[in-house]
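Structure first, then comments.
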Amino acid sequence: MGLQIYVNGHYYDEEEAKISVFDHGFLYGDGVFEGIRAYNGRVFRLKEHIVRLYRSAKSIALDISMSMEEMEAALLETLRRNELKNAYIRLVVSRGKGDLGLDPRKCSKPTIVIIAHRITLYPEETYRDGLEVRTLCTRRSLAEALNPAIKSLNYLNNILAKIEVINAGLLEGIMLNNQGYIAEATGDNVFIYKDNVLLTPPPSVGILEGVTRGAVMELAREMGVDVREELFTQHDIYIAEEAFLTGTAAEIIPVVKVDGRSIGKGCPGSITMELISRYRTLANSTGTEIYA
C-alpha cells in the first residue's frame with residue numbers, strides 16, 4: 001500500500017487521490033497552503049501553521065469548511081495512517097471545483113488535501129560547509145499586487161527565481177524587492193549577522209513571515225543576541241560576518257558565499273552553528289503529539 005492521502009474527508013491511496021480538472025487551485029492557483037514538519041512523533045508548531053493557513057484563506061475570502069480543531073485532527077490522522085513520526089506535511093486548501101471562468105462564486109466548496117511524506121532540500125554536507133548563492137534578476141512580487149503574507153498556491157514568482165538558480169548551477173538564490181532591498185530566497189527567509197546584530201528583512205519589504213523565522217528569532221534572543229527586523233541591501237550581505245536561510249523544510253542553512261564574495265571567513269559562523277544546534281533540539285523535543 002502506498003501513501004494515504006487525505007482528500008475532502010476521505011483517505012485514498014496515492015495513485016487514487018484525485019481532484020477535478022475544474023478545480024480553481026489547478027486552473028488559477030486559487031488557494032492557500034502550509035508546509036509543516038513532524039519530528040520524533042510530534043508536529044512542530046502546528047498551531048502557528050494552522051492559524052496562518054486560516055488567516056491566508058480569510059484574506060482571499062476562502063471559507064474553509066472545517067474548524068481549526070478538525071483540520072488539526074485530520075492532519076494528525078494522516079500521519080498516523082502513514083505510520084510516520086518524522087515527516088513533511090503539505091496541507092492544501094483550494095477554492096474547489098468551478099468552471100473555466102474566474103468567478104469564485106462558481107466554486108461551491110473548497111478542496112482540502114493533506115499529504116504526509118518526507119522531503120530533503122539540501123545535502124547534509126551543506127549544513128556543515130554552507131551554501132553558495134547569488135542574487136537574482138527575478139524580483140519579489142509587489143506586495144501591492146499579491147500580499148506575501150498570504151501563502152497562496154500561486155508560486156510562479158518563486159519558480160521563475162528557482163529556474164535562475166538552477167541555470168546558475170546553484171541550490172538557492174536571493175530575491176530583491178522592487179526597491180532593491182533584500183527580500184527572501186526562493187523558498188526561505190534571509191538572515192545576516194554583523195556588528196553583533198542579527199538582521200532579517202521586515203514584512204514590509206515583501207516577505208512571508210516564516211514560522212521557522214519566528215522560532216529562530218526567539219532562539220537568538222534567548223542566546224542574548226540583538227535581533228532586528230530592518231531593511232538591508234546586497235552590500236550589507238557582502239560585508240556580513242555570517243548569513244543563513246530559514247524555512248520549514250530547510251530548517252537553518254548557512255550561506256558562505258554570495259555573488260562570488262565570501263561571507264565572513266567563508267565558512268559557517270559560530271552564531272549560525274549554535275542556532276542550528278538549538279533549533280534542532282527545539283524541533284525534536286517540542287510539538288503536538290501524533291500518537292497521544
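A note on labels: chains of the C-alpha cells are A, B, ... as shown, every chain counts residues from 1, and ligands are counted from 1 in their shown order.
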Based on the backbone DSSP call, show me all residues of region 103-285 of chain A assigned alpha helix (DSSP H), as an MDAnalysis selection string. chainID A and resid 124:129 156:167 211:222 234:238 270:285
How would the residues just picked look written out with C-alpha atoms as a PDB file, in the first residue's frame?
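So the final result, stored in part20.pdb, reads:
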ATOM      1  CA  GLU A 124      23.605  17.145   4.653  1.00  0.00           C
ATOM      2  CA  GLU A 125      27.113  18.470   3.929  1.00  0.00           C
ATOM      3  CA  THR A 126      25.703  21.906   3.106  1.00  0.00           C
ATOM      4  CA  TYR A 127      24.650  22.292   6.736  1.00  0.00           C
ATOM      5  CA  ARG A 128      28.299  21.745   7.650  1.00  0.00           C
ATOM      6  CA  ASP A 129      30.003  23.604   4.789  1.00  0.00           C
ATOM      7  CA  LEU A 156       5.190  31.207 -10.169  1.00  0.00           C
ATOM      8  CA  ASN A 157       7.276  34.159  -8.962  1.00  0.00           C
ATOM      9  CA  ASN A 158       9.330  31.788  -6.792  1.00  0.00           C
ATOM     10  CA  ILE A 159       9.545  29.164  -9.541  1.00  0.00           C
ATOM     11  CA  LEU A 160      10.914  31.665 -12.070  1.00  0.00           C
ATOM     12  CA  ALA A 161      13.521  32.638  -9.490  1.00  0.00           C
ATOM     13  CA  LYS A 162      14.311  28.950  -8.895  1.00  0.00           C
ATOM     14  CA  ILE A 163      14.877  28.463 -12.629  1.00  0.00           C
ATOM     15  CA  GLU A 164      17.513  31.209 -12.444  1.00  0.00           C
ATOM     16  CA  VAL A 165      19.160  29.370  -9.556  1.00  0.00           C
ATOM     17  CA  ILE A 166      19.182  26.076 -11.477  1.00  0.00           C
ATOM     18  CA  ASN A 167      20.616  27.721 -14.591  1.00  0.00           C
ATOM     19  CA  VAL A 211       7.242  30.039  11.260  1.00  0.00           C
ATOM     20  CA  THR A 212      10.874  28.887  11.346  1.00  0.00           C
ATOM     21  CA  ARG A 213      11.956  32.518  11.049  1.00  0.00           C
ATOM     22  CA  GLY A 214       9.976  33.320  14.184  1.00  0.00           C
ATOM     23  CA  ALA A 215      11.426  30.369  16.092  1.00  0.00           C
ATOM     24  CA  VAL A 216      14.975  31.380  15.128  1.00  0.00           C
ATOM     25  CA  MET A 217      14.399  34.954  16.298  1.00  0.00           C
ATOM     26  CA  GLU A 218      13.200  33.604  19.660  1.00  0.00           C
ATOM     27  CA  LEU A 219      16.215  31.308  19.998  1.00  0.00           C
ATOM     28  CA  ALA A 220      18.658  34.085  19.106  1.00  0.00           C
ATOM     29  CA  ARG A 221      17.177  36.373  21.749  1.00  0.00           C
ATOM     30  CA  GLU A 222      17.488  33.558  24.298  1.00  0.00           C
ATOM     31  CA  GLN A 234      23.344  43.355  -1.165  1.00  0.00           C
ATOM     32  CA  HIS A 235      26.164  45.482   0.244  1.00  0.00           C
ATOM     33  CA  ASP A 236      25.117  44.524   3.766  1.00  0.00           C
ATOM     34  CA  ILE A 237      25.233  40.820   2.922  1.00  0.00           C
ATOM     35  CA  TYR A 238      28.639  41.172   1.254  1.00  0.00           C
ATOM     36  CA  SER A 270      29.548  30.347  15.394  1.00  0.00           C
ATOM     37  CA  ILE A 271      26.186  32.113  15.796  1.00  0.00           C
ATOM     38  CA  THR A 272      24.743  30.186  12.855  1.00  0.00           C
ATOM     39  CA  MET A 273      26.013  26.831  14.103  1.00  0.00           C
ATOM     40  CA  GLU A 274      24.744  27.467  17.625  1.00  0.00           C
ATOM     41  CA  LEU A 275      21.315  28.366  16.227  1.00  0.00           C
ATOM     42  CA  ILE A 276      21.272  25.183  14.137  1.00  0.00           C
ATOM     43  CA  SER A 277      22.011  23.128  17.235  1.00  0.00           C
ATOM     44  CA  ARG A 278      19.400  24.876  19.351  1.00  0.00           C
ATOM     45  CA  TYR A 279      16.775  24.737  16.616  1.00  0.00           C
ATOM     46  CA  ARG A 280      17.226  21.002  16.117  1.00  0.00           C
ATOM     47  CA  THR A 281      16.951  20.431  19.856  1.00  0.00           C
ATOM     48  CA  LEU A 282      13.770  22.517  19.998  1.00  0.00           C
ATOM     49  CA  ALA A 283      12.178  20.870  16.952  1.00  0.00           C
ATOM     50  CA  ASN A 284      12.977  17.373  18.177  1.00  0.00           C
ATOM     51  CA  SER A 285      11.651  17.905  21.691  1.00  0.00           C
TER      52      SER A 285
END
Go through region 246-290 of chain A and collect every residue that DSSP, computed from the backbone, puts in strand (DSSP E or B); the answer should be as JSON, numbers by chain. {"A": [246, 247, 251, 252, 253, 254, 255, 256, 257, 258, 261, 262, 288, 289]}
Can you write out the residues you just picked, keeping C-alpha atoms, as a short mmCIF file (atom, residue, chain, number, x, y, z; two decimals), in the first residue's frame?
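Result file selection.cif:
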data_model
loop_
_atom_site.label_atom_id
_atom_site.label_comp_id
_atom_site.auth_asym_id
_atom_site.auth_seq_id
_atom_site.Cartn_x
_atom_site.Cartn_y
_atom_site.Cartn_z
CA THR A 246 15.48 29.57 7.33
CA GLY A 247 12.41 27.59 6.33
CA GLU A 251 15.43 24.47 8.83
CA ILE A 252 18.58 26.67 9.13
CA ILE A 253 21.06 26.52 6.27
CA PRO A 254 24.34 28.52 6.38
CA VAL A 255 25.31 30.79 3.47
CA VAL A 256 29.06 31.20 2.94
CA LYS A 257 29.28 32.93 -0.43
CA VAL A 258 27.06 35.48 -2.19
CA ARG A 261 32.04 37.09 -2.31
CA SER A 262 32.89 35.02 0.76
CA THR A 288 1.81 18.38 19.17
CA GLU A 289 1.88 14.65 19.91
#
For Lys97 (chain A): contacts at 9 Å, only C-alpha atoms, fewer than 3 positions along chain excluded, given as a VMD selection string: chain A and resid 19 to 25 94 106 to 111
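Each of A:Ile114, A:Met68, A:Ile36, A:Glu132 was checked against Tyr12 (chain A) using only C-alpha atoms; the smallest atom-to-atom distance is that of A:Ile114.
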Residue neighbourhood Tyr11 (chain A), 12 Å, only C-alpha atoms, exclusion window fewer than 4 positions, as number ranges by chain: A: 2-7, 15-18, 74-75, 77-82, 112-116
Selection near region 29-33 of chain A, 8 Å with only C-alpha atoms, sequence-local residues under 3 positions removed, as a list in words: His24, Gly25, Phe26, Leu53, Ser56, Ala57, Leu62, Arg90, Leu91, Val92, Val93, Ser94, Arg95, Ile150, Lys151, Ser152, Leu153 and Asn154 of chain A
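Distances from A:Arg228, A:Arg45, A:Lys58, A:Arg134 to Leu198 (chain A) were compared using only C-alpha atoms, and the smallest one belongs to A:Arg228.
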Could you tell me how far CA of Ala73 (chain A) sits from CA of Asp13 (chain A), in Å to one decimal place? 19.3 Å
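With only C-alpha atoms as the atoms that count, the minimum distance from Asp63 (chain A) to the choices A:Gly169, A:Phe191, A:Arg105, A:Glu34 is reached by A:Arg105.
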From the list A:Arg118, A:His10, A:Lys194, A:Arg140, the nearest residue to Leu208 (chain A) using only C-alpha atoms is A:Arg140
To one decimal place, how far is CA of Ile119 (chain A) from CA of Tyr88 (chain A) in Å? 6.0 Å
